[in-house]
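Following: one structure in structure tokens, then a few remarks.
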Number of protein chains: 2
Amino acid sequence: MISSIAELISDRIGTMPAGERRAAQTLIANYPLTGLKTVAEFSTAAGVSSPTILRFVARLGFQNYPEFQSALQDELAAQLQSPASRTLNSASPANGGAVSPMLEATLDNMRETFRHLTDKQLADIAARLAERRGKTFLIGGRFTDPLARYMAAHLAIIQPDVYHLAGQESIWRDRLIDMGKRDVLVVFDIRRYQESLLRFAEKAHQRGVQIVLFTDQWLSPIARFARHVIAGRTAVPSAWDSSAALFVVAETLIGAVTRQLEAAGAKRIRDLESLR
Amino acid sequence: MISSIAELISDRIGTMPAGERRAAQTLIANYPLTGLKTVAEFSTAAGVSSPTILRFVARLGFQNYPEFQSALQDELAAQLQSPASRTLNSASPANGGAVSPMLEATLDNMRETFRHLTDKQLADIAARLAERRGKTFLIGGRFTDPLARYMAAHLAIIQPDVYHLAGQESIWRDRLIDMGKRDVLVVFDIRRYQESLLRFAEKAHQRGVQIVLFTDQWLSPIARFARHVIAGRTAVPSAWDSSAALFVVAETLIGAVTRQLEAAGAKRIRDLESLR
DNA sequence: CAAATTACGTAACATAAGATACAGCGCTCC
DNA sequence: GGAGCGCTGTATCTTATGTTACGTAATTTG
């Protein structure tokens, strides 16, 4: 079974004429980057003419050059998104037993998620959430609503005016009237994206509410209205998508906000304690 | 020092207008592949127009789009040649910030949690949950209730008689009357352990209910009554404990139960779809 | 050794890509 | 509430990219 283009090439390189073989070797030499460049660049890199390159990709079975490039990009995307295959996880060496591939995938998802997330982004979002000028609303979809609850439960302790929007759509909608420019709406929405959330986010956006979106790597349509977008990896060997990466980001944010509000928050926590 | 384009983007994303920010977010979401496609593809992926993409790359300091793509390719080439540096340097190398320790601690927690958890234990619990002789109840504490909800939301799809116990203590207590030997109660309880949960678990235990307990490494007193105990690591450099490890265990279990119920579950899911 | 076939490059072509000009709109700031 | 500014999208244009046709050179075969 031939799965990658590299394999396909080495499979057929024996039957190729000289010029095309040079093209093949050049591509393999620093795969797959040469293939992502233009035909002209590829051809000069290989020291052959453009038509030779085109005949080369035609021989591989592609209809035209763009199709060939798309295939390479897809392959690259698959590689970049699941480093699992190559990353011989150094941190869990003494693991003779087949520990859950689920765990491995989840750990990879988290690393990947944070790789695409800079400290600055997180700090910006934390600052926004810590800024006590307005209210904070949290809402989630079918499976992600618990994440919204989790975050709300923590934030509500360290600062006032934190509200989790639960229940029926009509209930949230009525809360829109309380929402304005100074407020923040945290939305969790992963595939399959929910129409109701989109409608709600749009209306909130129209009212000037700043939206922080937690979504998956394919980006919920709500990204359109969001001030900040956090794209978490969700792919795991299961029938369900994993929200674990988003959960960790949420915890990280909770920690960051807590740190920023330390002074004020500490007093608040003392006050809360004394209320019990 | 700004070394990668991803950093450059997150550095300037704050100063960008809405449309360009969407472009930036889309690119970061699956970096760098979107940037290697054509302007048209990039623009539709981001939901903006082509000129916005071009303005975006111009703002990053590139003369034109091809120059931008070349830069991305160079970066990718460097990455592909030394896969080791990928996981290390990542998108946030200069990590004076407090983000990475949080992630590292969380990842360690998960590894530790699973190290103390055998495949057999997980399989046993999954089997118990998949066994459709009785009902499944889920309940959680102040911060862990969302985990119970999350698990309930998934289990309820693949099998009947799954109930999340929410709201006031008196409400759960009344549900005890429906619970018996054939039933399973999943409890989430981490420090500071809640009296109310303990009381409830004890009564359920007296009625012969099988208890599956998610707790921290210090073990909630409910462990005394539990048939299965999952002890997750919770320590992170934050004012709060982390429930992330328990979350991942929960997801793993959801996956395992789903697999066991595959045949029956698939039919059930089809039936559900047809109800919409 | 000669003839035919295949491979390769040059050059012209068509197409699709990136770039630009401009107008409308929304937003912010008086 | 009004004026100004800045952002965004549509439509147009230009560039350069991929593609094809054709002639020449190399290679193989009878």
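As shown in the structure tokens, the chain order sets the letters A, B, ...; within each chain, residues go from 1, and ligands are also counted from 1 in the order they appear.
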Chain B residues near chain C (10 Å cut-off, only C-alpha atoms (C1' of nucleotides)) as a PyMOL selection string: chain B and resi 38-40+50-51+54+64-66
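All C-alpha atoms of chain B, paired in order with those of chain A and superposed by least squares, deviate by 19.1 Å RMSD.
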Test item: residues at most 8 Å from segment 3-11 of chain D, only C-alpha atoms (C1' of nucleotides), excluding those fewer than 4 positions along its chain, as a PyMOL selection string: chain B and resi 17+19+49+52
Backbone-only DSSP, helix (DSSP H, G or I) members of segment 35-270 of chain A, as a count of residues only: 134
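With distances restricted to only C-alpha atoms, B:Leu33 is the closest residue to chain A from B:Ile9, B:Ile211, B:Leu33, B:Ile171.
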Backbone-only DSSP, strand (DSSP E or B) members of segment 24-250 of chain A, as a VMD selection string: chain A and resid 136 to 140 162 to 164 184 to 189 210 to 216 228 to 232
I need the residues from that last selection saved to file as a PDB file, in the first residue's frame (with N, CA and C atoms), if you can.
```
ATOM      1  N   THR A 136     -18.881  39.633  32.885  1.00  0.00           N
ATOM      2  CA  THR A 136     -18.375  38.502  32.111  1.00  0.00           C
ATOM      3  C   THR A 136     -19.474  37.454  31.986  1.00  0.00           C
ATOM      4  N   PHE A 137     -19.767  37.083  30.749  1.00  0.00           N
ATOM      5  CA  PHE A 137     -20.760  36.038  30.508  1.00  0.00           C
ATOM      6  C   PHE A 137     -20.066  34.838  29.886  1.00  0.00           C
ATOM      7  N   LEU A 138     -20.485  33.656  30.269  1.00  0.00           N
ATOM      8  CA  LEU A 138     -19.911  32.440  29.672  1.00  0.00           C
ATOM      9  C   LEU A 138     -21.027  31.547  29.161  1.00  0.00           C
ATOM     10  N   ILE A 139     -20.767  30.947  28.022  1.00  0.00           N
ATOM     11  CA  ILE A 139     -21.770  30.060  27.450  1.00  0.00           C
ATOM     12  C   ILE A 139     -21.089  28.994  26.617  1.00  0.00           C
ATOM     13  N   GLY A 140     -21.711  27.833  26.515  1.00  0.00           N
ATOM     14  CA  GLY A 140     -21.112  26.755  25.746  1.00  0.00           C
ATOM     15  C   GLY A 140     -22.144  25.975  24.970  1.00  0.00           C
ATOM     16  N   VAL A 162     -19.881  37.715  37.232  1.00  0.00           N
ATOM     17  CA  VAL A 162     -19.584  36.623  36.310  1.00  0.00           C
ATOM     18  C   VAL A 162     -20.833  35.764  36.204  1.00  0.00           C
ATOM     19  N   TYR A 163     -21.294  35.563  34.989  1.00  0.00           N
ATOM     20  CA  TYR A 163     -22.552  34.838  34.814  1.00  0.00           C
ATOM     21  C   TYR A 163     -22.423  33.725  33.791  1.00  0.00           C
ATOM     22  N   HIS A 164     -22.875  32.567  34.163  1.00  0.00           N
ATOM     23  CA  HIS A 164     -22.939  31.466  33.207  1.00  0.00           C
ATOM     24  C   HIS A 164     -24.343  31.431  32.612  1.00  0.00           C
ATOM     25  N   VAL A 184     -17.755  41.191  28.451  1.00  0.00           N
ATOM     26  CA  VAL A 184     -17.051  40.133  27.735  1.00  0.00           C
ATOM     27  C   VAL A 184     -17.928  38.885  27.690  1.00  0.00           C
ATOM     28  N   LEU A 185     -17.963  38.260  26.523  1.00  0.00           N
ATOM     29  CA  LEU A 185     -18.694  37.005  26.386  1.00  0.00           C
ATOM     30  C   LEU A 185     -17.708  35.911  25.997  1.00  0.00           C
ATOM     31  N   VAL A 186     -17.634  34.897  26.829  1.00  0.00           N
ATOM     32  CA  VAL A 186     -16.771  33.759  26.526  1.00  0.00           C
ATOM     33  C   VAL A 186     -17.646  32.642  25.954  1.00  0.00           C
ATOM     34  N   VAL A 187     -17.345  32.254  24.724  1.00  0.00           N
ATOM     35  CA  VAL A 187     -18.159  31.231  24.053  1.00  0.00           C
ATOM     36  C   VAL A 187     -17.320  29.991  23.786  1.00  0.00           C
ATOM     37  N   PHE A 188     -17.871  28.851  24.085  1.00  0.00           N
ATOM     38  CA  PHE A 188     -17.244  27.575  23.717  1.00  0.00           C
ATOM     39  C   PHE A 188     -18.073  26.972  22.602  1.00  0.00           C
ATOM     40  N   ASP A 189     -17.439  26.710  21.474  1.00  0.00           N
ATOM     41  CA  ASP A 189     -18.191  26.129  20.355  1.00  0.00           C
ATOM     42  C   ASP A 189     -17.280  25.285  19.482  1.00  0.00           C
ATOM     43  N   GLN A 210     -17.374  42.203  23.712  1.00  0.00           N
ATOM     44  CA  GLN A 210     -16.125  41.587  23.272  1.00  0.00           C
ATOM     45  C   GLN A 210     -16.254  40.082  23.427  1.00  0.00           C
ATOM     46  N   ILE A 211     -15.974  39.360  22.374  1.00  0.00           N
ATOM     47  CA  ILE A 211     -16.158  37.916  22.422  1.00  0.00           C
ATOM     48  C   ILE A 211     -14.827  37.180  22.476  1.00  0.00           C
ATOM     49  N   VAL A 212     -14.722  36.270  23.420  1.00  0.00           N
ATOM     50  CA  VAL A 212     -13.573  35.361  23.486  1.00  0.00           C
ATOM     51  C   VAL A 212     -14.089  33.975  23.106  1.00  0.00           C
ATOM     52  N   LEU A 213     -13.535  33.426  22.054  1.00  0.00           N
ATOM     53  CA  LEU A 213     -14.054  32.157  21.544  1.00  0.00           C
ATOM     54  C   LEU A 213     -13.090  30.997  21.786  1.00  0.00           C
ATOM     55  N   PHE A 214     -13.608  29.959  22.377  1.00  0.00           N
ATOM     56  CA  PHE A 214     -12.887  28.690  22.464  1.00  0.00           C
ATOM     57  C   PHE A 214     -13.481  27.777  21.407  1.00  0.00           C
ATOM     58  N   THR A 215     -12.664  27.344  20.455  1.00  0.00           N
ATOM     59  CA  THR A 215     -13.204  26.503  19.390  1.00  0.00           C
ATOM     60  C   THR A 215     -12.171  25.454  19.006  1.00  0.00           C
ATOM     61  N   ASP A 216     -12.460  24.718  17.936  1.00  0.00           N
ATOM     62  CA  ASP A 216     -11.496  23.726  17.490  1.00  0.00           C
ATOM     63  C   ASP A 216     -10.674  24.307  16.346  1.00  0.00           C
ATOM     64  N   HIS A 228     -10.976  37.538  20.403  1.00  0.00           N
ATOM     65  CA  HIS A 228      -9.898  36.589  20.656  1.00  0.00           C
ATOM     66  C   HIS A 228     -10.382  35.184  20.318  1.00  0.00           C
ATOM     67  N   VAL A 229      -9.530  34.434  19.646  1.00  0.00           N
ATOM     68  CA  VAL A 229      -9.899  33.072  19.282  1.00  0.00           C
ATOM     69  C   VAL A 229      -8.865  32.093  19.813  1.00  0.00           C
ATOM     70  N   ILE A 230      -9.323  31.084  20.501  1.00  0.00           N
ATOM     71  CA  ILE A 230      -8.437  30.026  20.956  1.00  0.00           C
ATOM     72  C   ILE A 230      -8.823  28.756  20.220  1.00  0.00           C
ATOM     73  N   ALA A 231      -7.897  28.255  19.414  1.00  0.00           N
ATOM     74  CA  ALA A 231      -8.179  27.075  18.604  1.00  0.00           C
ATOM     75  C   ALA A 231      -7.499  25.867  19.217  1.00  0.00           C
ATOM     76  N   GLY A 232      -8.282  24.969  19.776  1.00  0.00           N
ATOM     77  CA  GLY A 232      -7.719  23.780  20.416  1.00  0.00           C
ATOM     78  C   GLY A 232      -7.804  22.576  19.510  1.00  0.00           C
TER      79      GLY A 232
END
```
Distance query Phe68 of chain A at most 10 Å, only C-alpha atoms (C1' of nucleotides), self and fewer than 3 positions along chain excluded, as number ranges by chain: A: 5, 35-36, 54, 57-58, 60-65, 71-73
Export of the given selection (C-alpha atoms) as a PDB file, in the first residue's frame:
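Written output follows (result_26.pdb):
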```pdb
ATOM      1  CA  ILE A   5       3.830  10.699  -2.429  1.00  0.00           C
ATOM      2  CA  GLY A  35       7.230  20.573  -4.626  1.00  0.00           C
ATOM      3  CA  LEU A  36       5.465  23.494  -3.047  1.00  0.00           C
ATOM      4  CA  LEU A  54       5.141  18.716 -15.562  1.00  0.00           C
ATOM      5  CA  VAL A  57       4.020  14.983 -11.970  1.00  0.00           C
ATOM      6  CA  ALA A  58       1.857  13.649 -14.796  1.00  0.00           C
ATOM      7  CA  LEU A  60       2.897  10.214 -10.869  1.00  0.00           C
ATOM      8  CA  GLY A  61      -0.732  10.256 -11.808  1.00  0.00           C
ATOM      9  CA  PHE A  62      -1.692  13.842 -11.217  1.00  0.00           C
ATOM     10  CA  GLN A  63      -3.819  15.714 -13.686  1.00  0.00           C
ATOM     11  CA  ASN A  64      -1.963  18.973 -13.288  1.00  0.00           C
ATOM     12  CA  TYR A  65       0.579  20.734 -11.139  1.00  0.00           C
ATOM     13  CA  ALA A  71      -1.686  16.493  -2.371  1.00  0.00           C
ATOM     14  CA  LEU A  72       1.644  17.516  -0.895  1.00  0.00           C
ATOM     15  CA  GLN A  73      -0.017  20.101   1.294  1.00  0.00           C
TER      16      GLN A  73
END
```
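Atom pair atom CA of Ala45 of chain B / atom C1' of DA16 of chain D: separated by 24.1 Å.
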